[in-house]
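Source file: entry30.tsv (TSV, C-alpha atoms)
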chain	number	residue	atom	x	y	z
A	40	MET	CA	69.53	89.23	125.78
A	41	GLN	CA	71.37	85.90	126.06
A	42	ALA	CA	74.21	87.53	127.98
A	43	TYR	CA	71.70	89.27	130.23
A	44	LEU	CA	69.89	86.00	130.96
A	45	LEU	CA	73.19	84.33	131.85
A	46	ASP	CA	74.12	87.24	134.13
A	47	PHE	CA	70.73	87.17	135.84
A	48	GLY	CA	70.89	83.39	136.30
A	49	ASN	CA	74.39	83.76	137.74
A	50	PHE	CA	73.11	86.47	140.09
A	51	MET	CA	70.26	84.35	141.43
A	52	LEU	CA	72.37	81.19	141.73
A	53	ARG	CA	75.04	83.10	143.61
A	54	TRP	CA	72.39	84.47	145.98
A	55	LEU	CA	71.05	80.97	146.62
A	56	HIS	CA	74.58	79.65	147.09
A	57	VAL	CA	75.48	82.34	149.63
A	58	ILE	CA	72.21	81.88	151.57
A	59	ALA	CA	72.64	78.11	151.72
A	60	ALA	CA	76.32	78.40	152.65
A	61	ILE	CA	75.60	80.86	155.46
A	62	ALA	CA	72.89	78.56	156.81
A	63	TRP	CA	75.06	75.42	156.58
A	64	ILE	CA	78.24	76.98	157.94
A	65	GLY	CA	76.36	78.82	160.67
A	66	GLU	CA	74.63	75.66	161.84
A	67	SER	CA	77.89	73.68	161.62
A	68	ILE	CA	79.83	76.25	163.65
A	69	TYR	CA	77.00	76.41	166.18
A	70	PHE	CA	76.99	72.64	166.74
A	71	VAL	CA	80.79	72.53	167.05
A	72	MET	CA	80.55	75.30	169.63
A	73	LEU	CA	77.75	73.44	171.41
A	74	ASP	CA	79.67	70.17	171.42
A	75	ASN	CA	82.78	71.80	172.84
A	76	SER	CA	80.86	73.82	175.45
A	77	LEU	CA	79.16	70.84	177.09
A	78	ARG	CA	79.68	70.27	180.79
A	79	LYS	CA	78.90	67.17	182.84
A	80	PRO	CA	75.28	67.25	183.96
A	81	LYS	CA	74.82	68.18	187.60
A	82	ALA	CA	71.53	66.39	188.11
A	83	ALA	CA	71.87	62.71	189.00
A	84	GLU	CA	68.62	62.06	187.12
A	85	ASP	CA	70.16	63.33	183.89
A	86	ARG	CA	73.30	61.23	184.39
A	87	ASP	CA	71.17	58.16	184.99
A	88	LYS	CA	69.35	58.82	181.69
A	89	GLY	CA	72.68	58.73	179.84
A	90	VAL	CA	73.17	62.47	179.37
A	91	PHE	CA	76.82	62.99	178.46
A	92	GLY	CA	76.91	66.78	178.72
A	93	GLU	CA	74.74	69.87	178.88
A	94	MET	CA	74.91	73.59	178.21
A	95	TRP	CA	72.75	76.43	179.45
A	96	ALA	CA	72.55	79.52	177.26
A	97	VAL	CA	70.62	82.76	176.97
A	98	HIS	CA	69.79	84.29	173.60
A	99	GLY	CA	67.11	86.56	172.20
A	100	GLY	CA	65.47	87.07	175.57
A	101	GLY	CA	65.08	83.35	176.29
A	102	PHE	CA	66.95	80.58	178.14
A	103	TYR	CA	68.00	77.33	176.48
A	104	HIS	CA	69.05	74.01	177.99
A	105	ASN	CA	70.88	71.73	175.53
A	106	GLN	CA	71.76	68.14	176.40
A	107	LYS	CA	73.83	65.54	174.57
A	108	TYR	CA	73.46	61.81	175.16
A	109	ALA	CA	76.48	59.52	175.24
A	110	THR	CA	74.82	57.13	172.79
A	111	ALA	CA	71.09	57.81	172.49
A	112	PRO	CA	68.10	58.68	174.69
A	113	ALA	CA	65.66	56.03	175.83
A	114	ARG	CA	63.06	57.35	173.40
A	115	LEU	CA	63.33	59.41	170.26
A	116	PRO	CA	60.82	62.18	169.53
A	117	ASP	CA	58.82	62.12	166.33
A	118	ASP	CA	60.05	65.58	165.29
A	119	LEU	CA	63.77	64.78	165.36
A	120	HIS	CA	65.70	67.53	163.55
A	121	TRP	CA	68.09	66.53	160.76
A	122	SER	CA	70.77	68.73	159.20
A	123	PHE	CA	71.65	67.93	155.61
A	124	TRP	CA	69.66	69.92	153.04
A	125	LYS	CA	71.69	73.06	153.69
A	126	SER	CA	74.83	71.13	152.82
A	127	TYR	CA	73.39	69.63	149.65
A	128	THR	CA	71.91	72.95	148.51
A	129	THR	CA	75.23	74.71	149.03
A	130	TRP	CA	77.14	72.17	146.94
A	131	LEU	CA	74.52	71.86	144.19
A	132	SER	CA	74.17	75.63	143.76
A	133	GLY	CA	77.95	76.06	143.85
A	134	PHE	CA	78.44	73.39	141.22
A	135	ALA	CA	75.73	74.98	139.07
A	136	LEU	CA	77.61	78.28	139.30
A	137	PHE	CA	80.84	76.56	138.32
A	138	VAL	CA	79.14	75.04	135.26
A	139	LEU	CA	77.55	78.35	134.27
A	140	LEU	CA	80.64	80.52	134.75
A	141	TYR	CA	83.59	78.24	134.04
A	142	MET	CA	82.58	75.03	132.31
A	143	ALA	CA	80.36	76.87	129.82
A	144	ASN	CA	83.45	78.66	128.52
A	145	PRO	CA	86.42	76.49	129.54
A	146	SER	CA	88.86	77.72	126.91
A	147	PHE	CA	88.41	81.18	128.34
A	148	TYR	CA	88.31	80.46	132.08
A	149	LEU	CA	89.90	77.05	132.72
A	150	VAL	CA	92.72	76.53	130.23
A	151	ASN	CA	96.03	78.03	131.28
A	152	PRO	CA	98.14	78.87	128.20
A	153	ASN	CA	101.14	79.28	130.51
A	154	ALA	CA	100.70	75.89	132.17
A	155	SER	CA	103.84	74.03	133.21
A	156	TRP	CA	103.11	71.14	130.88
A	157	GLU	CA	102.49	71.63	127.17
A	158	TRP	CA	99.55	69.22	127.08
A	159	ALA	CA	97.81	71.27	129.79
A	160	ALA	CA	98.49	74.55	127.97
A	161	THR	CA	96.97	73.17	124.78
A	162	MET	CA	93.94	71.40	126.26
A	163	SER	CA	90.66	71.74	124.45
A	164	GLY	CA	87.64	73.04	126.30
A	165	TRP	CA	86.05	69.64	126.87
A	166	GLN	CA	89.34	68.23	128.13
A	167	ALA	CA	89.63	71.06	130.67
A	168	ASN	CA	86.07	70.37	131.83
A	169	VAL	CA	86.78	66.65	132.27
A	170	LEU	CA	89.98	67.43	134.16
A	171	ALA	CA	88.13	69.82	136.48
A	172	LEU	CA	85.50	67.17	137.25
A	173	LEU	CA	88.25	64.61	137.87
A	174	PHE	CA	89.78	67.00	140.38
A	175	LEU	CA	86.52	67.17	142.34
A	176	VAL	CA	85.86	63.43	142.25
A	177	GLY	CA	89.51	62.45	142.70
A	178	GLY	CA	89.93	64.84	145.62
A	179	TRP	CA	87.02	63.21	147.45
A	180	VAL	CA	88.24	59.67	146.68
A	181	VAL	CA	91.78	60.34	147.93
A	182	TYR	CA	90.56	62.17	151.04
A	183	ASN	CA	88.04	59.43	151.83
A	184	GLU	CA	90.65	56.69	151.40
A	185	LEU	CA	93.02	58.54	153.71
A	186	CYS	CA	90.31	58.64	156.37
A	187	LYS	CA	89.46	54.96	155.97
A	188	ARG	CA	93.05	53.67	155.88
A	189	ILE	CA	94.85	55.91	158.36
A	190	SER	CA	92.23	56.28	161.09
A	191	PRO	CA	89.33	53.87	160.47
A	192	ASP	CA	88.53	53.62	164.19
A	193	MET	CA	89.27	57.29	164.91
A	194	THR	CA	92.39	56.50	166.98
A	195	ARG	CA	94.95	58.18	164.70
A	196	ASP	CA	93.19	61.38	163.77
A	197	GLY	CA	96.31	63.45	164.41
A	198	LEU	CA	98.24	61.53	161.75
A	199	LEU	CA	95.21	61.75	159.47
A	200	SER	CA	95.16	65.55	159.84
A	201	ILE	CA	98.77	65.72	158.68
A	202	ALA	CA	98.00	63.51	155.68
A	203	VAL	CA	95.00	65.66	154.69
A	204	ALA	CA	97.13	68.81	155.03
A	205	VAL	CA	99.76	67.33	152.70
A	206	MET	CA	97.01	66.32	150.28
A	207	MET	CA	95.72	69.90	150.14
A	208	VAL	CA	99.21	71.25	149.40
A	209	VAL	CA	99.47	68.78	146.51
A	210	VAL	CA	96.01	69.81	145.24
A	211	ALA	CA	97.00	73.49	145.44
A	212	TRP	CA	100.21	72.86	143.52
A	213	LEU	CA	98.58	70.67	140.86
A	214	SER	CA	95.66	73.02	140.28
A	215	THR	CA	97.96	76.01	139.68
A	216	GLN	CA	100.07	73.97	137.26
A	217	LEU	CA	97.08	72.85	135.21
A	218	PHE	CA	94.40	75.55	135.34
A	219	ALA	CA	94.19	79.31	134.91
A	220	GLY	CA	94.99	81.06	138.19
A	221	ARG	CA	91.51	82.14	139.21
A	222	ALA	CA	90.07	78.72	138.36
A	223	ALA	CA	92.89	76.99	140.26
A	224	PHE	CA	91.93	78.74	143.51
A	225	LEU	CA	88.26	78.03	142.95
A	226	ILE	CA	88.82	74.35	142.09
A	227	THR	CA	91.00	73.82	145.17
A	228	GLY	CA	88.25	75.31	147.31
A	229	ALA	CA	85.70	73.16	145.48
A	230	VAL	CA	87.73	70.02	146.29
A	231	MET	CA	87.39	70.82	149.99
A	232	ALA	CA	83.73	71.82	149.62
A	233	THR	CA	82.99	68.56	147.80
A	234	ALA	CA	84.65	66.59	150.59
A	235	MET	CA	82.57	68.51	153.14
A	236	SER	CA	79.25	67.81	151.44
A	237	ALA	CA	80.24	64.22	150.62
A	238	ASN	CA	81.08	63.69	154.30
A	239	VAL	CA	77.50	64.63	155.11
A	240	PHE	CA	76.00	62.53	152.30
A	241	PHE	CA	78.10	59.35	152.58
A	242	TRP	CA	79.03	59.20	156.26
A	243	ILE	CA	77.36	61.58	158.69
A	244	ILE	CA	73.71	61.19	157.64
A	245	PRO	CA	73.87	57.41	156.86
A	246	GLY	CA	75.50	56.83	160.25
A	247	GLN	CA	72.81	58.83	161.98
A	248	ARG	CA	70.11	56.93	160.11
A	249	ARG	CA	71.61	53.61	161.24
A	250	MET	CA	71.66	54.85	164.83
A	251	VAL	CA	68.00	55.89	164.65
A	252	ALA	CA	67.02	52.60	162.99
A	253	ALA	CA	68.80	50.61	165.71
A	254	MET	CA	67.02	52.53	168.44
A	255	LYS	CA	63.64	52.01	166.84
A	256	ALA	CA	64.41	48.30	166.63
A	257	GLY	CA	65.26	48.22	170.33
A	258	GLU	CA	68.97	47.69	169.66
A	259	ALA	CA	72.02	49.58	170.88
A	260	PRO	CA	73.44	51.94	168.20
A	261	ASN	CA	76.93	51.21	166.93
A	262	PRO	CA	79.18	53.77	168.70
A	263	LEU	CA	81.48	53.84	165.65
A	264	ASP	CA	78.73	55.57	163.67
A	265	GLY	CA	78.72	58.41	166.17
A	266	LYS	CA	82.51	58.61	166.34
A	267	ARG	CA	82.87	58.56	162.57
A	268	GLY	CA	80.25	61.25	162.14
A	269	LYS	CA	82.08	63.37	164.71
A	270	GLN	CA	85.40	62.83	162.88
A	271	ARG	CA	84.01	64.00	159.55
A	272	SER	CA	82.19	66.93	161.18
A	273	VAL	CA	85.46	68.05	162.75
A	274	HIS	CA	87.16	67.90	159.34
A	275	ASN	CA	84.34	69.98	157.89
A	276	THR	CA	84.76	72.69	160.49
A	277	TYR	CA	88.47	73.07	159.69
A	278	PHE	CA	87.74	73.23	155.96
A	279	THR	CA	85.18	76.00	156.43
A	280	LEU	CA	87.29	79.15	156.65
A	281	PRO	CA	89.75	78.14	153.87
A	282	VAL	CA	86.85	77.28	151.55
A	283	VAL	CA	85.16	80.63	152.13
A	284	LEU	CA	88.42	82.48	151.44
A	285	LEU	CA	89.15	80.55	148.24
A	286	MET	CA	85.62	81.14	146.97
A	287	ILE	CA	86.06	84.92	147.22
A	288	SER	CA	89.66	84.89	145.95
A	289	ASN	CA	88.67	85.43	142.32
A	290	HIS	CA	88.38	89.16	143.03
A	291	TYR	CA	92.07	89.47	143.95
A	292	SER	CA	94.47	88.86	141.10
A	293	PHE	CA	97.62	89.49	143.17
A	294	ALA	CA	97.11	86.01	144.68
A	295	TYR	CA	96.08	83.82	141.78
A	296	SER	CA	98.28	85.46	139.13
A	297	HIS	CA	101.50	85.11	141.13
A	298	GLN	CA	104.16	82.61	140.05
A	299	GLN	CA	104.02	81.07	143.53
A	300	ALA	CA	100.23	81.07	143.69
A	301	TRP	CA	100.15	77.54	145.11
A	302	VAL	CA	102.32	78.62	148.05
A	303	ILE	CA	100.10	81.63	148.72
A	304	MET	CA	97.02	79.40	148.51
A	305	SER	CA	98.50	76.83	150.90
A	306	LEU	CA	99.40	79.52	153.41
A	307	PHE	CA	95.84	80.86	153.33
A	308	ILE	CA	94.44	77.34	153.82
A	309	PHE	CA	96.58	76.68	156.89
A	310	ALA	CA	95.93	80.17	158.26
A	311	GLY	CA	92.19	79.58	158.07
A	312	ALA	CA	92.51	76.20	159.80
A	313	LEU	CA	94.65	77.66	162.60
A	314	ILE	CA	92.23	80.52	163.20
A	315	ARG	CA	89.34	78.05	163.29
A	316	GLN	CA	91.28	75.96	165.82
A	317	PHE	CA	91.42	78.95	168.16
A	318	PHE	CA	87.63	79.21	168.24
A	319	VAL	CA	87.18	75.44	168.62
A	320	LEU	CA	89.45	75.41	171.67
A	321	MET	CA	87.95	78.62	173.04
A	322	HIS	CA	84.49	77.03	173.10
A	323	ALA	CA	86.01	74.13	175.02
A	324	GLY	CA	87.26	76.59	177.63
A	325	SER	CA	90.88	76.82	176.50
A	326	VAL	CA	92.12	80.12	175.08
A	327	LYS	CA	95.25	79.59	172.99
A	328	PRO	CA	96.26	82.87	171.31
A	329	ALA	CA	99.22	81.13	169.67
A	330	TYR	CA	96.87	79.67	167.05
A	331	PRO	CA	95.51	82.94	165.64
A	332	ALA	CA	98.97	84.44	166.00
A	333	ALA	CA	100.38	81.65	163.84
A	334	GLY	CA	97.51	82.14	161.38
A	335	VAL	CA	98.21	85.86	161.12
A	336	ALA	CA	101.92	85.08	160.66
A	337	LEU	CA	101.08	82.83	157.69
A	338	ILE	CA	98.88	85.57	156.21
A	339	ALA	CA	101.78	88.03	156.66
A	340	LEU	CA	104.08	85.58	154.89
A	341	ALA	CA	101.57	85.29	152.03
A	342	PHE	CA	101.43	89.10	151.87
A	343	TRP	CA	105.23	89.25	151.63
A	344	ILE	CA	105.39	86.59	148.89
A	345	ALA	CA	102.58	88.15	146.85
A	346	ALA	CA	103.93	91.69	147.08
A	347	PRO	CA	104.92	93.01	143.62
A	348	ALA	CA	108.62	93.27	142.91
A	349	PRO	CA	110.08	96.76	142.61
A	350	SER	CA	109.82	98.12	139.10
A	351	PRO	CA	113.07	97.64	137.18
A	352	ALA	CA	115.10	100.70	136.36
A	353	ALA	CA	113.96	102.35	133.17
A	354	ASP	CA	115.96	101.54	130.06
A	355	PRO	CA	117.62	104.83	129.12
A	356	ASP	CA	117.58	103.87	125.46
A	357	ARG	CA	113.84	103.12	125.45
A	358	ALA	CA	111.41	105.85	124.62
A	359	ALA	CA	108.94	106.65	127.38
A	360	VAL	CA	105.62	104.87	127.05
A	361	SER	CA	102.71	107.25	127.30
A	362	LEU	CA	99.19	106.74	128.58
A	363	GLU	CA	97.89	107.18	125.04
A	364	GLU	CA	100.04	104.29	123.77
A	365	VAL	CA	98.93	102.01	126.59
A	366	HIS	CA	95.29	102.95	126.13
A	367	ALA	CA	95.56	102.06	122.44
A	368	ILE	CA	96.83	98.61	123.44
A	369	MET	CA	94.00	98.24	125.92
A	370	GLU	CA	91.43	99.18	123.29
A	371	THR	CA	92.83	96.53	120.94
A	372	ARG	CA	93.48	93.70	123.38
A	373	CYS	CA	91.24	94.24	126.42
A	374	ALA	CA	88.24	96.45	125.62
A	375	SER	CA	86.23	93.66	123.99
A	376	CYS	CA	85.44	92.56	127.57
A	377	HIS	CA	86.43	95.59	129.65
A	378	ALA	CA	84.07	98.16	128.18
A	379	SER	CA	80.78	99.63	129.27
A	380	GLN	CA	79.29	97.80	126.26
A	381	PRO	CA	81.36	94.61	125.86
A	382	THR	CA	81.53	93.06	122.41
A	383	GLN	CA	82.83	89.71	123.65
A	384	PRO	CA	80.01	87.11	123.54
A	385	GLY	CA	78.81	86.10	126.99
A	386	PHE	CA	79.50	89.47	128.63
A	387	ASN	CA	76.65	91.76	129.51
A	388	ALA	CA	78.85	94.11	131.58
A	389	PRO	CA	82.59	94.62	132.08
A	390	PRO	CA	84.17	92.00	134.42
A	391	ALA	CA	84.50	93.34	137.97
A	392	GLY	CA	83.04	96.60	136.69
A	393	VAL	CA	86.41	97.58	135.17
A	394	ALA	CA	86.10	99.39	131.83
A	395	TYR	CA	88.73	101.04	129.64
A	396	ASP	CA	86.49	103.33	127.61
A	397	SER	CA	88.70	106.36	128.18
A	398	PRO	CA	92.39	107.04	128.90
A	399	GLN	CA	91.38	108.28	132.34
A	400	GLN	CA	89.78	104.92	133.19
A	401	THR	CA	92.89	103.13	131.98
A	402	ALA	CA	95.15	105.39	134.07
A	403	ALA	CA	93.10	104.69	137.19
A	404	GLN	CA	93.82	100.94	136.85
A	405	ARG	CA	97.53	101.26	136.06
A	406	ALA	CA	98.91	99.12	138.93
A	407	GLN	CA	96.40	96.32	138.40
A	408	ILE	CA	96.86	96.36	134.63
A	409	GLN	CA	100.63	96.06	134.92
A	410	GLN	CA	100.33	93.22	137.43
A	411	VAL	CA	97.92	90.99	135.52
A	412	VAL	CA	99.53	91.69	132.14
A	413	ALA	CA	103.06	91.02	133.40
A	414	SER	CA	101.97	87.72	134.97
A	415	GLY	CA	100.37	86.63	131.69
A	416	TYR	CA	97.01	86.14	133.37
A	417	MET	CA	95.35	88.77	131.19
A	418	PRO	CA	94.01	88.70	128.59
A	419	LEU	CA	92.42	85.41	129.64
A	420	GLY	CA	93.92	82.68	127.52
A	421	ASN	CA	95.52	85.51	125.51
A	422	MET	CA	92.45	85.24	123.31
A	423	THR	CA	93.13	88.65	121.78
A	424	GLY	CA	96.75	87.86	120.96
A	425	MET	CA	98.62	90.41	123.08
A	426	THR	CA	102.27	90.38	121.96
A	427	ASP	CA	105.40	90.33	124.12
A	428	GLU	CA	106.25	93.80	122.83
A	429	GLU	CA	102.88	95.11	124.02
A	430	ARG	CA	103.41	93.53	127.44
A	431	GLU	CA	106.83	95.15	127.67
A	432	ALA	CA	105.32	98.50	126.76
A	433	ILE	CA	102.71	98.19	129.51
A	434	ALA	CA	105.43	97.19	131.99
A	435	ALA	CA	107.44	100.27	131.01
A	436	TRP	CA	104.43	102.58	131.30
A	437	SER	CA	105.34	105.15	133.93
A	438	ARG	CA	102.96	108.07	133.39

structure tokens encoding of this file:
Amino acid sequence: MQAYLLDFGNFMLRWLHVIAAIAWIGESIYFVMLDNSLRKPKAAEDRDKGVFGEMWAVHGGGFYHNQKYATAPARLPDDLHWSFWKSYTTWLSGFALFVLLYMANPSFYLVNPNASWEWAATMSGWQANVLALLFLVGGWVVYNELCKRISPDMTRDGLLSIAVAVMMVVVAWLSTQLFAGRAAFLITGAVMATAMSANVFFWIIPGQRRMVAAMKAGEAPNPLDGKRGKQRSVHNTYFTLPVVLLMISNHYSFAYSHQQAWVIMSLFIFAGALIRQFFVLMHAGSVKPAYPAAGVALIALAFWIAAPAPSPAADPDRAAVSLEEVHAIMETRCASCHASQPTQPGFNAPPAGVAYDSPQQTAAQRAQIQQVVASGYMPLGNMTGMTDEEREAIAAWSR
């Protein structure tokens, strides 16, 4: 019953997280599109009122006329719309999922027994949890300092973009050196997601509140508040596609179990940003197919790097490894989780729906089994003590 309750809670939290993320990302993408689609107002009356740009649109059988003011309108309406709860709900539900799925069992999901440094490979559960939290907080602090020091007045945003890109490569590399592969991808995505939500909480909304307060006091709003909010919103839009990809990456072991997982992750991050750039420019009236082409090229490069190496030639002196032998290993080392009725505490159903109850089920997963076992990713944390000889037998399994 405890495992079932955890599974059901995970299910509902994930639903909430996806709903909130769709709402936040959808609204964010819409406003970026709107901002980049604005044209100078044709009516002199609108220009005199301080309208910076406007867009006419048709949707759902109705016509819409959106206008943006250079600073602020002469009078604010009482029902001014604010956009922040979607962001906060997305982050809070995502963090709750991370606590429930990863931090509740860190020795199983966070600790990487094959980590590059011995201290990381031998971390206790609470140490792994603290390190994961430091990643989230530290990622935001470093990113925020880069923004404040490199382009405080928004005049060197190009240089800032390069610095943030380098930072994300470092985060990708560090995470894969310290954490288990699947967690490394998730934590890197969470670093970006934390920066996105923190941008809203610490900069975008406070700046907007100061602008509204100034207007109500009959004062001119500080234009830096608007520029800074725009800067952070632009960063958020380029983070969006990479974050979504990293959050769904835990279903694809070929990426996170690879020895060069950090390279694959970095390529995916840049590919997502380049593809997003195409849409940003397209909404501004400039179609640049080189951006998605470059993004697809990076994805192709990631595909090439992640592709499994050809199987080594069979050792003529080694006896053939049969399905029955491999299935016996799977029953001993893997079936505590991967079974229709898992015996491992915390599991109500087999992970990813993969069970090894019969030799036929084992045979159907041969390629995936060999990949994750050879990389050392499975069993997670080698909690069942799979030996090198057993790994070699699975690698030599050919029928």

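Distance check against Val283 in chain A using only C-alpha atoms: of A:Ala346, A:Met417, A:Ala378, A:Ala60, the minimum falls on A:Ala60.
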
- If we count only C-alpha atoms, what is near Gln409 in chain A at a cut-off of 10 Å, once residues fewer than 5 positions away on the same chain are taken out, given as a list in words?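 Contacts, in chain order: Gln404, Ser414, Gly415, Met417, Arg430, Glu431, Ala432, Ile433, Ala434, Ala435 and Trp436 of chain A.
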
- Smallest atom-to-atom distance to Tyr69 in chain A: which of A:Thr276, A:Ser163, A:Gln400, A:Thr227, using all atoms listed in the file? A:Thr276

Which residues of range 215-242 of chain A come within 6 Å of range 148-155 of chain A, and what is each one's closest atom pair and distance in Å (one decimal), counting all atoms listed in the file, sorted by chain and residue number, as a tab-separated table?
residue	atom	partner	partner_atom	distance
A:Gln216	CA	A:Ala154	CA	5.5
A:Leu217	CA	A:Ala154	CA	5.6
A:Phe218	CA	A:Asn151	CA	5.0
A:Ala219	CA	A:Asn151	CA	4.3
A:Ala222	CA	A:Leu149	CA	5.9

- Message: Using only C-alpha atoms for the distances, tell me which of A:Lys88, A:Lys79, A:Lys187, A:His120 is nearest to Arg271 in chain A.
- Response: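 Selected residue with least distance to Arg271 in chain A: A:Lys187.
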
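Residues lying at most 10 Å from (74.1, 65.0, 168.4) in file coordinates, with all atoms listed in the file considered, are Phe70, Leu73, Asp74, Gln106, Lys107, Tyr108, Ala109, Thr110, Ala111, Trp121, Gln247, Gly265, Gly268 and Lys269 of chain A.
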
- Message: For Pro245 in chain A, find every residue with an atom within 12 Å (counting all atoms listed in the file), except residues of its own chain fewer than 5 positions away, and show them as number ranges by chain.
- Response: A: 121-123, 237-240, 250-252, 264-265, 267-268

Export C-alpha atoms of the chosen residues as an mmCIF file, keeping the file's coordinate frame?
data_model
loop_
_atom_site.group_PDB
_atom_site.id
_atom_site.type_symbol
_atom_site.label_atom_id
_atom_site.label_comp_id
_atom_site.auth_asym_id
_atom_site.auth_seq_id
_atom_site.Cartn_x
_atom_site.Cartn_y
_atom_site.Cartn_z
ATOM 1 C CA TRP A 121 68.090 66.530 160.760
ATOM 2 C CA SER A 122 70.770 68.730 159.200
ATOM 3 C CA PHE A 123 71.650 67.930 155.610
ATOM 4 C CA ALA A 237 80.240 64.220 150.620
ATOM 5 C CA ASN A 238 81.080 63.690 154.300
ATOM 6 C CA VAL A 239 77.500 64.630 155.110
ATOM 7 C CA PHE A 240 76.000 62.530 152.300
ATOM 8 C CA MET A 250 71.660 54.850 164.830
ATOM 9 C CA VAL A 251 68.000 55.890 164.650
ATOM 10 C CA ALA A 252 67.020 52.600 162.990
ATOM 11 C CA ASP A 264 78.730 55.570 163.670
ATOM 12 C CA GLY A 265 78.720 58.410 166.170
ATOM 13 C CA ARG A 267 82.870 58.560 162.570
ATOM 14 C CA GLY A 268 80.250 61.250 162.140
#

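Shortest atom-to-atom contact with Ile344 in chain A among A:Gln298, A:Ser146, A:Ser288, A:Thr382: A:Gln298, counting only C-alpha atoms.
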